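Asks: Got a structure for you, entry_17.cif, holding mmCIF, C-alpha atoms.
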data_final
loop_
_atom_site.label_atom_id
_atom_site.label_comp_id
_atom_site.auth_asym_id
_atom_site.auth_seq_id
_atom_site.Cartn_x
_atom_site.Cartn_y
_atom_site.Cartn_z
CA MET A 1347 -10.80 -18.80 -18.22
CA ARG A 1348 -7.40 -17.08 -18.39
CA ALA A 1349 -6.40 -14.77 -15.53
CA LEU A 1350 -3.06 -13.04 -15.00
CA ARG A 1351 -2.59 -13.28 -11.24
CA TYR A 1352 -0.13 -11.67 -8.86
CA TYR A 1353 1.37 -13.99 -6.24
CA GLY A 1354 4.18 -11.77 -4.99
CA PRO A 1355 7.11 -9.64 -6.17
CA GLN A 1356 8.24 -10.79 -9.63
CA ASP A 1357 5.81 -13.70 -9.43
CA VAL A 1358 2.98 -13.18 -11.93
CA ARG A 1359 1.33 -16.23 -13.47
CA LEU A 1360 -1.15 -16.80 -16.26
CA ASP A 1361 -3.58 -19.21 -14.61
CA ASP A 1362 -6.57 -21.18 -15.81
CA VAL A 1363 -9.35 -20.41 -13.31
CA PRO A 1364 -13.11 -21.03 -13.21
CA GLU A 1365 -15.10 -18.55 -15.27
CA SER A 1366 -16.57 -15.71 -13.22
CA LYS A 1367 -20.30 -16.15 -12.54
CA CYS A 1368 -22.53 -13.08 -12.64
CA GLY A 1369 -24.39 -12.48 -9.39
CA PRO A 1370 -27.94 -11.05 -9.36
CA THR A 1371 -26.69 -7.54 -8.56
CA GLN A 1372 -23.65 -7.63 -10.84
CA VAL A 1373 -22.69 -6.90 -14.42
CA LYS A 1374 -20.42 -9.31 -16.27
CA ILE A 1375 -18.03 -7.94 -18.87
CA ARG A 1376 -15.52 -9.35 -21.29
CA PRO A 1377 -12.40 -7.17 -20.90
CA ALA A 1378 -10.99 -5.95 -24.20
CA PHE A 1379 -7.95 -3.81 -23.42
CA VAL A 1380 -6.11 -3.31 -20.12
CA GLY A 1381 -3.45 -0.66 -19.54
CA ILE A 1382 -0.31 -1.35 -17.56
CA CYS A 1383 0.02 1.31 -14.88
CA GLY A 1384 3.09 2.53 -13.02
CA THR A 1385 1.44 1.18 -9.88
CA ASP A 1386 1.32 -2.29 -11.47
CA LEU A 1387 5.02 -2.04 -12.25
CA HIS A 1388 5.83 -0.88 -8.72
CA GLU A 1389 3.79 -3.73 -7.29
CA TYR A 1390 5.59 -6.22 -9.52
CA ARG A 1391 8.86 -5.16 -7.91
CA THR A 1392 7.68 -4.45 -4.36
CA GLN A 1393 4.41 -5.70 -2.84
CA THR A 1394 2.59 -2.70 -1.41
CA PHE A 1395 -1.12 -2.74 -2.24
CA VAL A 1396 -1.90 -6.39 -2.96
CA PRO A 1397 -3.03 -7.95 0.36
CA LYS A 1398 -0.79 -10.70 1.65
CA PRO A 1399 -2.18 -14.10 2.66
CA GLY A 1400 -3.77 -13.92 6.08
CA ALA A 1401 -4.53 -10.18 5.81
CA PRO A 1402 -7.39 -9.73 3.32
CA HIS A 1403 -8.45 -6.29 2.17
CA GLU A 1404 -11.42 -5.02 4.18
CA LEU A 1405 -13.63 -4.42 1.14
CA SER A 1406 -12.64 -7.13 -1.34
CA ASN A 1407 -11.91 -9.78 1.31
CA GLU A 1408 -9.21 -11.02 -1.08
CA THR A 1409 -5.52 -11.78 -0.69
CA ALA A 1410 -2.81 -12.75 -3.15
CA PRO A 1411 -3.07 -14.21 -5.67
CA VAL A 1412 -5.24 -11.50 -7.24
CA THR A 1413 -5.94 -10.81 -10.90
CA LEU A 1414 -4.18 -7.65 -12.02
CA GLY A 1415 -5.57 -4.82 -14.16
CA HIS A 1416 -7.41 -1.64 -13.21
CA GLU A 1417 -7.22 0.48 -16.40
CA LEU A 1418 -9.63 -1.28 -18.70
CA SER A 1419 -12.42 -1.34 -21.22
CA GLY A 1420 -14.72 -4.18 -22.17
CA THR A 1421 -18.11 -5.34 -23.42
CA VAL A 1422 -21.15 -6.20 -21.31
CA VAL A 1423 -22.06 -9.88 -21.73
CA GLU A 1424 -24.57 -10.36 -18.89
CA ILE A 1425 -26.62 -8.25 -16.47
CA GLY A 1426 -27.81 -9.66 -13.15
CA ALA A 1427 -31.55 -10.10 -12.67
CA ASP A 1428 -31.69 -7.71 -9.70
CA VAL A 1429 -29.77 -4.82 -11.28
CA VAL A 1430 -32.25 -1.93 -11.01
CA ASP A 1431 -33.47 -0.80 -14.43
CA SER A 1432 -30.36 -2.58 -15.78
CA ALA A 1433 -28.47 0.59 -14.70
CA GLY A 1434 -29.03 1.93 -18.21
CA LEU A 1435 -26.93 -0.89 -19.61
CA GLU A 1436 -27.58 -3.49 -22.27
CA VAL A 1437 -25.73 -6.62 -23.28
CA GLY A 1438 -23.28 -5.57 -25.97
CA ASP A 1439 -22.57 -2.13 -24.52
CA ARG A 1440 -18.94 -1.04 -24.60
CA VAL A 1441 -17.76 0.24 -21.23
CA ALA A 1442 -14.89 1.58 -19.18
CA VAL A 1443 -14.41 0.37 -15.61
CA PHE A 1444 -14.39 2.63 -12.54
CA PRO A 1445 -12.09 0.45 -10.39
CA LEU A 1446 -12.23 2.27 -7.05
CA LEU A 1447 -13.33 0.24 -4.02
CA TYR A 1448 -14.93 2.32 -1.27
CA CYS A 1449 -17.02 1.57 1.81
CA ARG A 1450 -19.84 4.14 1.43
CA ALA A 1451 -20.00 4.49 5.23
CA CYS A 1452 -16.95 6.48 6.40
CA GLY A 1453 -16.83 10.26 6.72
CA PRO A 1454 -15.24 10.94 3.30
CA CYS A 1455 -17.66 8.56 1.54
CA ARG A 1456 -20.66 10.21 3.19
CA SER A 1457 -19.25 13.56 2.05
CA GLY A 1458 -19.17 12.43 -1.57
CA LEU A 1459 -15.43 11.76 -1.62
CA PRO A 1460 -15.11 8.02 -2.34
CA ASN A 1461 -11.53 8.50 -3.52
CA CYS A 1462 -10.67 9.53 0.05
CA CYS A 1463 -12.41 6.52 1.63
CA GLU A 1464 -10.74 5.36 4.81
CA LYS A 1465 -10.79 1.77 3.52
CA LYS A 1466 -10.23 2.47 -0.17
CA GLY A 1467 -8.76 -0.02 -2.56
CA PHE A 1468 -8.68 -0.88 -6.26
CA MET A 1469 -9.84 -3.69 -8.43
CA GLY A 1470 -6.68 -5.18 -9.86
CA LEU A 1471 -4.67 -4.50 -6.69
CA SER A 1472 -6.76 -4.82 -3.53
CA GLY A 1473 -8.99 -7.35 -5.27
CA SER A 1474 -9.36 -9.04 -8.63
CA GLY A 1475 -9.13 -6.91 -11.75
CA GLY A 1476 -9.51 -7.05 -15.49
CA LEU A 1477 -6.60 -9.09 -16.85
CA SER A 1478 -8.88 -12.06 -17.41
CA ASP A 1479 -11.38 -13.31 -19.96
CA TYR A 1480 -14.37 -12.25 -17.83
CA MET A 1481 -14.98 -9.97 -14.88
CA CYS A 1482 -18.06 -9.42 -12.67
CA LEU A 1483 -18.53 -6.11 -10.90
CA PRO A 1484 -21.23 -3.83 -9.47
CA PRO A 1485 -23.15 -1.76 -12.04
CA GLU A 1486 -21.91 1.51 -10.56
CA ALA A 1487 -18.37 0.46 -11.56
CA VAL A 1488 -19.35 0.26 -15.23
CA VAL A 1489 -19.33 3.48 -17.27
CA LYS A 1490 -20.83 3.32 -20.74
CA LEU A 1491 -18.67 4.52 -23.62
CA ALA A 1492 -19.98 6.59 -26.48
CA ASP A 1493 -20.18 4.79 -29.82
CA THR A 1494 -17.42 7.02 -31.20
CA ILE A 1495 -14.88 5.90 -28.57
CA SER A 1496 -12.85 2.81 -29.42
CA LEU A 1497 -12.22 0.11 -26.85
CA GLU A 1498 -8.51 0.98 -27.02
CA VAL A 1499 -9.23 4.57 -26.00
CA GLY A 1500 -11.74 3.24 -23.47
CA ALA A 1501 -8.82 1.72 -21.57
CA LEU A 1502 -7.28 5.21 -21.31
CA ILE A 1503 -10.30 6.75 -19.58
CA GLU A 1504 -9.06 5.75 -16.11
CA PRO A 1505 -5.58 7.37 -16.30
CA LEU A 1506 -7.07 10.40 -18.05
CA ALA A 1507 -9.58 10.71 -15.20
CA VAL A 1508 -6.67 10.85 -12.72
CA ALA A 1509 -5.31 13.80 -14.67
CA TRP A 1510 -8.70 15.46 -15.16
CA HIS A 1511 -9.35 15.30 -11.42
CA ALA A 1512 -5.98 16.90 -10.64
CA VAL A 1513 -6.53 19.74 -13.09
CA ARG A 1514 -10.05 20.33 -11.83
CA GLU A 1515 -8.90 20.39 -8.21
CA SER A 1516 -6.13 22.86 -9.04
CA GLY A 1517 -8.64 25.63 -9.73
CA ILE A 1518 -6.81 26.76 -12.86
CA THR A 1519 -8.83 29.05 -15.08
CA ALA A 1520 -8.82 29.60 -18.84
CA GLY A 1521 -5.67 31.26 -20.09
CA GLN A 1522 -3.57 30.76 -16.96
CA THR A 1523 -0.05 29.36 -17.26
CA SER A 1524 0.84 26.04 -15.65
CA ALA A 1525 3.92 23.87 -15.13
CA VAL A 1526 3.97 20.08 -15.20
CA PHE A 1527 6.89 18.38 -13.49
CA GLY A 1528 7.46 14.92 -14.96
CA ALA A 1529 6.26 13.86 -18.43
CA GLY A 1530 5.44 10.25 -17.71
CA PRO A 1531 1.97 8.88 -18.52
CA ILE A 1532 0.14 10.94 -15.89
CA GLY A 1533 2.12 14.11 -16.60
CA LEU A 1534 1.33 13.75 -20.31
CA ALA A 1535 -2.32 13.16 -19.48
CA ILE A 1536 -2.34 16.33 -17.36
CA ILE A 1537 -0.88 18.31 -20.27
CA GLN A 1538 -3.73 17.07 -22.47
CA CYS A 1539 -6.37 17.85 -19.85
CA LEU A 1540 -4.99 21.34 -19.28
CA LYS A 1541 -5.25 21.98 -22.99
CA ALA A 1542 -8.78 20.53 -23.11
CA MET A 1543 -9.89 22.80 -20.26
CA GLY A 1544 -8.56 25.93 -21.96
CA ALA A 1545 -5.45 26.60 -19.91
CA GLY A 1546 -2.86 28.97 -21.34
CA GLU A 1547 0.83 28.23 -21.77
CA ILE A 1548 1.98 24.85 -20.41
CA ILE A 1549 5.58 24.43 -19.23
CA ALA A 1550 6.74 20.81 -19.09
CA VAL A 1551 9.74 19.92 -16.95
CA GLU A 1552 11.41 16.65 -17.98
CA VAL A 1553 14.94 15.23 -18.24
CA ALA A 1554 14.43 12.43 -20.80
CA ALA A 1555 14.63 13.58 -24.43
CA ARG A 1556 11.95 11.17 -25.70
CA ARG A 1557 9.51 12.28 -23.02
CA GLN A 1558 10.28 15.91 -23.82
CA ALA A 1559 9.16 15.17 -27.37
CA PHE A 1560 6.00 13.49 -26.10
CA ALA A 1561 5.27 16.57 -23.97
CA GLU A 1562 5.47 18.84 -27.03
CA GLN A 1563 3.36 16.41 -29.05
CA PHE A 1564 0.58 16.47 -26.46
CA GLY A 1565 0.46 20.24 -26.08
CA ALA A 1566 3.27 21.66 -23.94
CA THR A 1567 4.24 25.12 -25.19
CA HIS A 1568 7.65 25.09 -23.46
CA VAL A 1569 9.85 22.18 -22.36
CA LEU A 1570 12.56 22.64 -19.75
CA ASP A 1571 15.33 20.16 -18.94
CA PRO A 1572 16.06 20.53 -15.20
CA SER A 1573 19.54 19.09 -15.69
CA GLN A 1574 20.40 21.96 -18.06
CA VAL A 1575 18.56 25.04 -16.78
CA ASP A 1576 17.36 26.63 -13.55
CA VAL A 1577 13.69 25.64 -13.82
CA VAL A 1578 12.46 28.22 -11.30
CA LYS A 1579 14.15 31.12 -13.07
CA GLU A 1580 13.09 29.94 -16.52
CA ALA A 1581 9.47 29.43 -15.48
CA GLN A 1582 9.32 32.88 -13.95
CA LYS A 1583 11.02 34.44 -16.98
CA ARG A 1584 8.39 32.93 -19.27
CA THR A 1585 5.59 34.39 -17.13
CA GLY A 1586 6.72 37.99 -16.86
CA GLY A 1587 8.54 37.33 -13.58
CA ARG A 1588 5.43 36.11 -11.76
CA GLY A 1589 5.63 32.33 -12.11
CA PRO A 1590 2.95 29.89 -13.26
CA ALA A 1591 -0.43 30.02 -11.54
CA VAL A 1592 -0.40 26.26 -10.98
CA ALA A 1593 2.25 23.53 -10.93
CA PHE A 1594 1.66 19.78 -10.94
CA ASP A 1595 4.25 17.47 -9.42
CA CYS A 1596 4.01 14.15 -11.24
CA ALA A 1597 7.69 13.28 -10.87
CA GLY A 1598 7.67 12.47 -7.17
CA VAL A 1599 11.30 13.32 -6.46
CA PRO A 1600 12.52 15.84 -3.86
CA ALA A 1601 13.92 18.20 -6.51
CA SER A 1602 10.60 18.46 -8.34
CA LEU A 1603 8.65 19.25 -5.17
CA ASP A 1604 11.21 21.90 -4.21
CA SER A 1605 11.18 23.49 -7.66
CA ALA A 1606 7.41 23.40 -7.99
CA THR A 1607 6.87 25.11 -4.64
CA ARG A 1608 9.38 27.84 -5.55
CA ALA A 1609 8.29 28.34 -9.15
CA VAL A 1610 4.59 29.17 -8.82
CA CYS A 1611 3.42 32.74 -8.40
CA ALA A 1612 2.44 34.36 -5.13
CA ARG A 1613 -0.77 32.64 -4.01
CA GLY A 1614 -0.21 30.05 -6.71
CA THR A 1615 -1.10 26.38 -6.27
CA VAL A 1616 1.07 23.26 -6.33
CA VAL A 1617 -0.81 20.00 -6.88
CA ASN A 1618 0.97 16.88 -5.70
CA VAL A 1619 -0.14 14.01 -7.93
CA ALA A 1620 2.80 11.67 -7.34
CA ILE A 1621 2.72 8.87 -4.78
CA TRP A 1622 5.80 8.95 -2.57
CA GLU A 1623 7.63 5.95 -1.15
CA GLY A 1624 8.72 7.77 2.00
CA PRO A 1625 9.30 11.18 3.65
CA VAL A 1626 11.35 13.78 1.79
CA PRO A 1627 13.07 17.03 2.82
CA PHE A 1628 10.79 19.99 2.34
CA HIS A 1629 11.01 23.64 3.42
CA PRO A 1630 7.57 24.99 4.37
CA ASN A 1631 8.77 28.57 3.87
CA ASN A 1632 8.55 27.95 0.11
CA ILE A 1633 4.80 27.95 0.73
CA VAL A 1634 4.41 30.37 3.60
CA LEU A 1635 6.45 33.33 2.37
CA TYR A 1636 4.38 33.74 -0.78
CA GLU A 1637 1.04 32.40 0.49
CA ARG A 1638 1.20 29.50 -1.94
CA ARG A 1639 -1.00 26.44 -1.59
CA LEU A 1640 0.15 22.82 -1.65
CA ILE A 1641 -2.68 20.33 -2.18
CA GLY A 1642 -2.93 16.63 -2.91
CA SER A 1643 -4.93 15.03 -5.68
CA LEU A 1644 -5.85 11.35 -5.52
CA THR A 1645 -7.43 9.35 -8.34
CA TYR A 1646 -10.94 10.54 -9.28
CA VAL A 1647 -14.65 10.52 -8.67
CA GLU A 1648 -17.29 9.26 -11.10
CA ALA A 1649 -17.88 12.72 -12.56
CA ASP A 1650 -14.27 12.80 -13.78
CA PHE A 1651 -14.87 9.65 -15.85
CA ARG A 1652 -17.92 11.18 -17.48
CA ASP A 1653 -16.16 14.50 -18.11
CA VAL A 1654 -13.26 12.69 -19.80
CA ILE A 1655 -15.63 10.67 -21.98
CA ASP A 1656 -17.43 13.89 -22.99
CA ALA A 1657 -14.11 15.59 -23.79
CA VAL A 1658 -13.02 12.67 -25.98
CA CYS A 1659 -16.36 12.69 -27.80
CA GLU A 1660 -16.08 16.43 -28.41
CA GLY A 1661 -12.52 16.13 -29.71
CA ARG A 1662 -11.02 18.20 -26.91
CA LEU A 1663 -9.05 15.14 -25.81
CA LYS A 1664 -7.32 13.06 -28.50
CA PRO A 1665 -5.38 10.48 -26.51
CA GLU A 1666 -4.93 7.74 -29.15
CA SER A 1667 -1.22 8.40 -29.58
CA MET A 1668 -0.62 7.67 -25.89
CA ILE A 1669 -0.82 4.00 -26.88
CA THR A 1670 2.74 3.01 -27.75
CA SER A 1671 2.37 -0.78 -27.76
CA LYS A 1672 -0.23 -3.56 -27.66
CA ILE A 1673 0.74 -6.94 -26.22
CA SER A 1674 -0.84 -10.29 -25.38
CA ILE A 1675 -1.78 -11.47 -21.90
CA GLY A 1676 0.87 -14.18 -22.11
CA ARG A 1677 3.65 -11.62 -22.62
CA VAL A 1678 2.85 -9.07 -19.91
CA VAL A 1679 6.11 -9.60 -18.03
CA GLU A 1680 8.42 -9.64 -21.06
CA ASP A 1681 6.69 -7.07 -23.29
CA GLY A 1682 5.02 -5.05 -20.52
CA PHE A 1683 6.86 -4.83 -17.20
CA ASP A 1684 10.33 -5.42 -18.64
CA ALA A 1685 9.71 -2.97 -21.49
CA LEU A 1686 8.59 -0.27 -19.05
CA VAL A 1687 11.77 -0.78 -17.02
CA ASN A 1688 14.28 -1.15 -19.86
CA GLU A 1689 12.65 1.19 -22.39
CA LYS A 1690 10.64 3.47 -20.13
CA ASP A 1691 11.33 6.61 -22.15
CA LYS A 1692 10.02 4.93 -25.30
CA HIS A 1693 6.58 4.12 -23.94
CA VAL A 1694 3.61 6.10 -22.67
CA LYS A 1695 0.92 3.44 -22.35
CA ILE A 1696 1.19 -0.26 -23.09
CA LEU A 1697 -2.16 -2.01 -23.55
CA VAL A 1698 -2.84 -5.70 -23.10
CA ASP A 1699 -5.11 -6.90 -25.92
CA LEU A 1700 -7.26 -9.67 -24.45
CA SER A 1701 -8.22 -10.85 -27.95
CA ALA A 1702 -4.60 -11.56 -28.86
CA PRO A 1703 -3.53 -15.24 -28.65
#
Hey, can you dump this file as structure tokens for me?
Replies:
Amino acid sequence: MRALRYYGPQDVRLDDVPESKCGPTQVKIRPAFVGICGTDLHEYRTQTFVPKPGAPHELSNETAPVTLGHELSGTVVEIGADVVDSAGLEVGDRVAVFPLLYCRACGPCRSGLPNCCEKKGFMGLSGSGGLSDYMCLPPEAVVKLADTISLEVGALIEPLAVAWHAVRESGITAGQTSAVFGAGPIGLAIIQCLKAMGAGEIIAVEVAARRQAFAEQFGATHVLDPSQVDVVKEAQKRTGGRGPAVAFDCAGVPASLDSATRAVCARGTVVNVAIWEGPVPFHPNNIVLYERRLIGSLTYVEADFRDVIDAVCEGRLKPESMITSKISIGRVVEDGFDALVNEKDKHVKILVDLSAP
């Protein structure tokens, strides 16, 4: 079968490998669509999460080369004989994949926080993922899609769940104003989830003109260009001088963290969603002097997947227009990674269509 495998920085190869065999406690799927994530792009340039030869990941026991792809949908083609009650699945079911690897034994796992597992990893990074003709995985990693959800949208469930989790953890309530710093794929997903959960006005902060337009398209009520205006003053002016109740930092640059922690209201909350490459300057008094909260949000739990699926079914989330391109598995580097580097403001989500030649 075909598998797009990561060997090292800027070394991704479309290999012919033996077809995955379904174990007795596994479910075998045929991947349909796989989204290219910013983490995939980062890994393509700098190896961070894919285990290097000689140092396998503790849970997957795999090292490079690994098959990429952790945002995906597919169809069930086989269910292992020992899967209890078939986990509610049938051959032919259309599914999204919950790609988190977690140990189930550490303190966070025992507390119901698998996303905070001390050994956590991801299919498609820490171990083999979905950019292949077949994939075998545990039944708990397979989430059934409603009949009304297309397989294309099914591949968006994972990034939307990241956003849903962040909004849920923020504690925002209906009608409250929020600010979203950075209108990349996750920032745009957060804007949609805020709207779906009944938040009030949404202020998007973004430099790139095309992404500003995307932010308005997906529900932002105000868009601020931080290169042209004082974001803190503008955000406070648009909230009667108080500031937004919640801000989400999806940009991951020092200026966004500084602005977010100064813009929210007294006792407001800043949610850091971005992954940082290193330490940054930060003044804690931005938090202390107004009793603000700074919290982190990482990926999701299973309930976030199901909530996103419900919101799509109910029409509260309409993410189809996030898909800006569909490409073939043989063109991931040229039409995927390179496009996201050279035309990053043009794209929100590029999907790999596994049925394409």
Asks: Considering only C-alpha atoms, can you say which of A:Asp1656, A:Glu1552, A:Asp1691, A:Glu1666 comes closest to Leu1491 (chain A)?
Replies: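 Counting only C-alpha atoms, the residue closest to Leu1491 (chain A) is A:Asp1656.
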Asks: When distances are computed from all atoms listed in the file, which of A:Ile1655, A:Ala1612, A:Ala1529, A:Val1437 shows the smallest separation from Val1499 (chain A)?
Replies: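 Closest to Val1499 (chain A), using all atoms listed in the file: A:Ile1655.
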Asks: Name the residues in contact with region 1621-1629 of chain A at a cut-off of 8 Å, using all atoms listed in the file, excluding same-chain residues fewer than 6 positions from it; report them as a list in words.
Replies: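 Contacts, in chain order: Gly1598, Pro1600, Leu1603 and Asp1604 of chain A.
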Asks: So what does the PyMOL selection byres ((chain A and resi 1532) around 7) actually pick up in this one, as a VMD selection string?
Replies: chain A and resid 1505 1509 1530 to 1531 1533 to 1536 1596
Asks: On this structure, the PyMOL selection byres ((chain A and resi 1430) around 12) would catch which residues? List them as number ranges by chain, sorted by chain and number.
Replies: A: 1370-1373, 1425-1429, 1431-1435, 1484-1486
Asks: Which is closest to Pro1445 (chain A) among A:Met1347, A:Cys1659, A:Val1616, A:Val1488, if we use only C-alpha atoms?
Replies: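 Ranked by minimum distance to Pro1445 (chain A), first place goes to A:Val1488.
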Asks: Pick out the closest residue to Arg1557 (chain A) from this set: A:Leu1635, A:Leu1570, A:Ala1525, A:Ala1545. Count only C-alpha atoms.
Replies: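 Result for the nearest residue to Arg1557 (chain A): A:Leu1570.
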Asks: Determine, counting only C-alpha atoms, which protein, DNA and RNA residues have an atom within 8 Å of an atom of Thr1409 (chain A); residues of the same chain fewer than 3 positions away are not included. Present the result as a list in words.
Replies: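 The contact residues come out as Val1396, Pro1397, Lys1398, Pro1399, Gly1400, Ala1401, Pro1402, His1403, Val1412, Ser1472 and Gly1473 of chain A.
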Asks: Working from the structure I just supplied, which lacks atoms in region 1428-1436 of chain A, can you model all heavy atoms there and output them as a compact mmCIF listing (two decimals), keeping the file's coordinate frame?
Replies:
# COMPACT_ATOMS: atom_id res chain seq x y z
N ASP A 1428 -31.26 -8.71 -10.68
CA ASP A 1428 -31.69 -7.71 -9.70
C ASP A 1428 -31.04 -6.34 -9.90
O ASP A 1428 -31.17 -5.47 -9.03
CB ASP A 1428 -31.39 -8.22 -8.28
CG ASP A 1428 -32.21 -9.44 -7.92
OD1 ASP A 1428 -33.26 -9.66 -8.56
OD2 ASP A 1428 -31.80 -10.18 -7.00
N VAL A 1429 -30.34 -6.14 -11.00
CA VAL A 1429 -29.77 -4.82 -11.28
C VAL A 1429 -30.91 -3.88 -11.63
O VAL A 1429 -31.66 -4.13 -12.59
CB VAL A 1429 -28.74 -4.89 -12.42
CG1 VAL A 1429 -28.26 -3.48 -12.79
CG2 VAL A 1429 -27.56 -5.77 -12.03
N VAL A 1430 -31.10 -2.82 -10.86
CA VAL A 1430 -32.25 -1.93 -11.01
C VAL A 1430 -32.24 -1.25 -12.36
O VAL A 1430 -31.26 -0.57 -12.73
CB VAL A 1430 -32.27 -0.88 -9.88
CG1 VAL A 1430 -33.46 0.08 -10.05
CG2 VAL A 1430 -32.32 -1.56 -8.52
N ASP A 1431 -33.32 -1.42 -13.11
CA ASP A 1431 -33.47 -0.80 -14.43
C ASP A 1431 -32.26 -1.08 -15.33
O ASP A 1431 -31.96 -0.27 -16.23
CB ASP A 1431 -33.68 0.71 -14.30
CG ASP A 1431 -34.98 1.03 -13.59
OD1 ASP A 1431 -35.96 0.27 -13.74
OD2 ASP A 1431 -35.02 2.06 -12.88
N SER A 1432 -31.57 -2.18 -15.03
CA SER A 1432 -30.36 -2.58 -15.78
C SER A 1432 -29.29 -1.49 -15.76
O SER A 1432 -28.34 -1.53 -16.54
CB SER A 1432 -30.70 -2.93 -17.22
OG SER A 1432 -31.57 -4.04 -17.27
N ALA A 1433 -29.44 -0.51 -14.84
CA ALA A 1433 -28.47 0.59 -14.70
C ALA A 1433 -28.21 1.29 -16.03
O ALA A 1433 -27.14 1.84 -16.25
CB ALA A 1433 -27.16 0.05 -14.11
N GLY A 1434 -29.20 1.29 -16.91
CA GLY A 1434 -29.03 1.93 -18.21
C GLY A 1434 -28.15 1.16 -19.16
O GLY A 1434 -27.75 1.69 -20.20
N LEU A 1435 -27.84 -0.08 -18.81
CA LEU A 1435 -26.93 -0.89 -19.61
C LEU A 1435 -27.67 -1.96 -20.39
O LEU A 1435 -28.76 -2.40 -19.98
CB LEU A 1435 -25.88 -1.57 -18.71
CG LEU A 1435 -24.92 -0.64 -17.95
CD1 LEU A 1435 -24.17 -1.43 -16.89
CD2 LEU A 1435 -23.95 0.02 -18.92
N GLU A 1436 -27.08 -2.38 -21.49
CA GLU A 1436 -27.58 -3.49 -22.27
C GLU A 1436 -26.44 -4.42 -22.63
O GLU A 1436 -25.28 -3.97 -22.73
CB GLU A 1436 -28.25 -2.98 -23.57
CG GLU A 1436 -29.47 -2.11 -23.34
CD GLU A 1436 -30.06 -1.65 -24.67
OE1 GLU A 1436 -29.48 -1.97 -25.73
OE2 GLU A 1436 -31.10 -0.96 -24.63
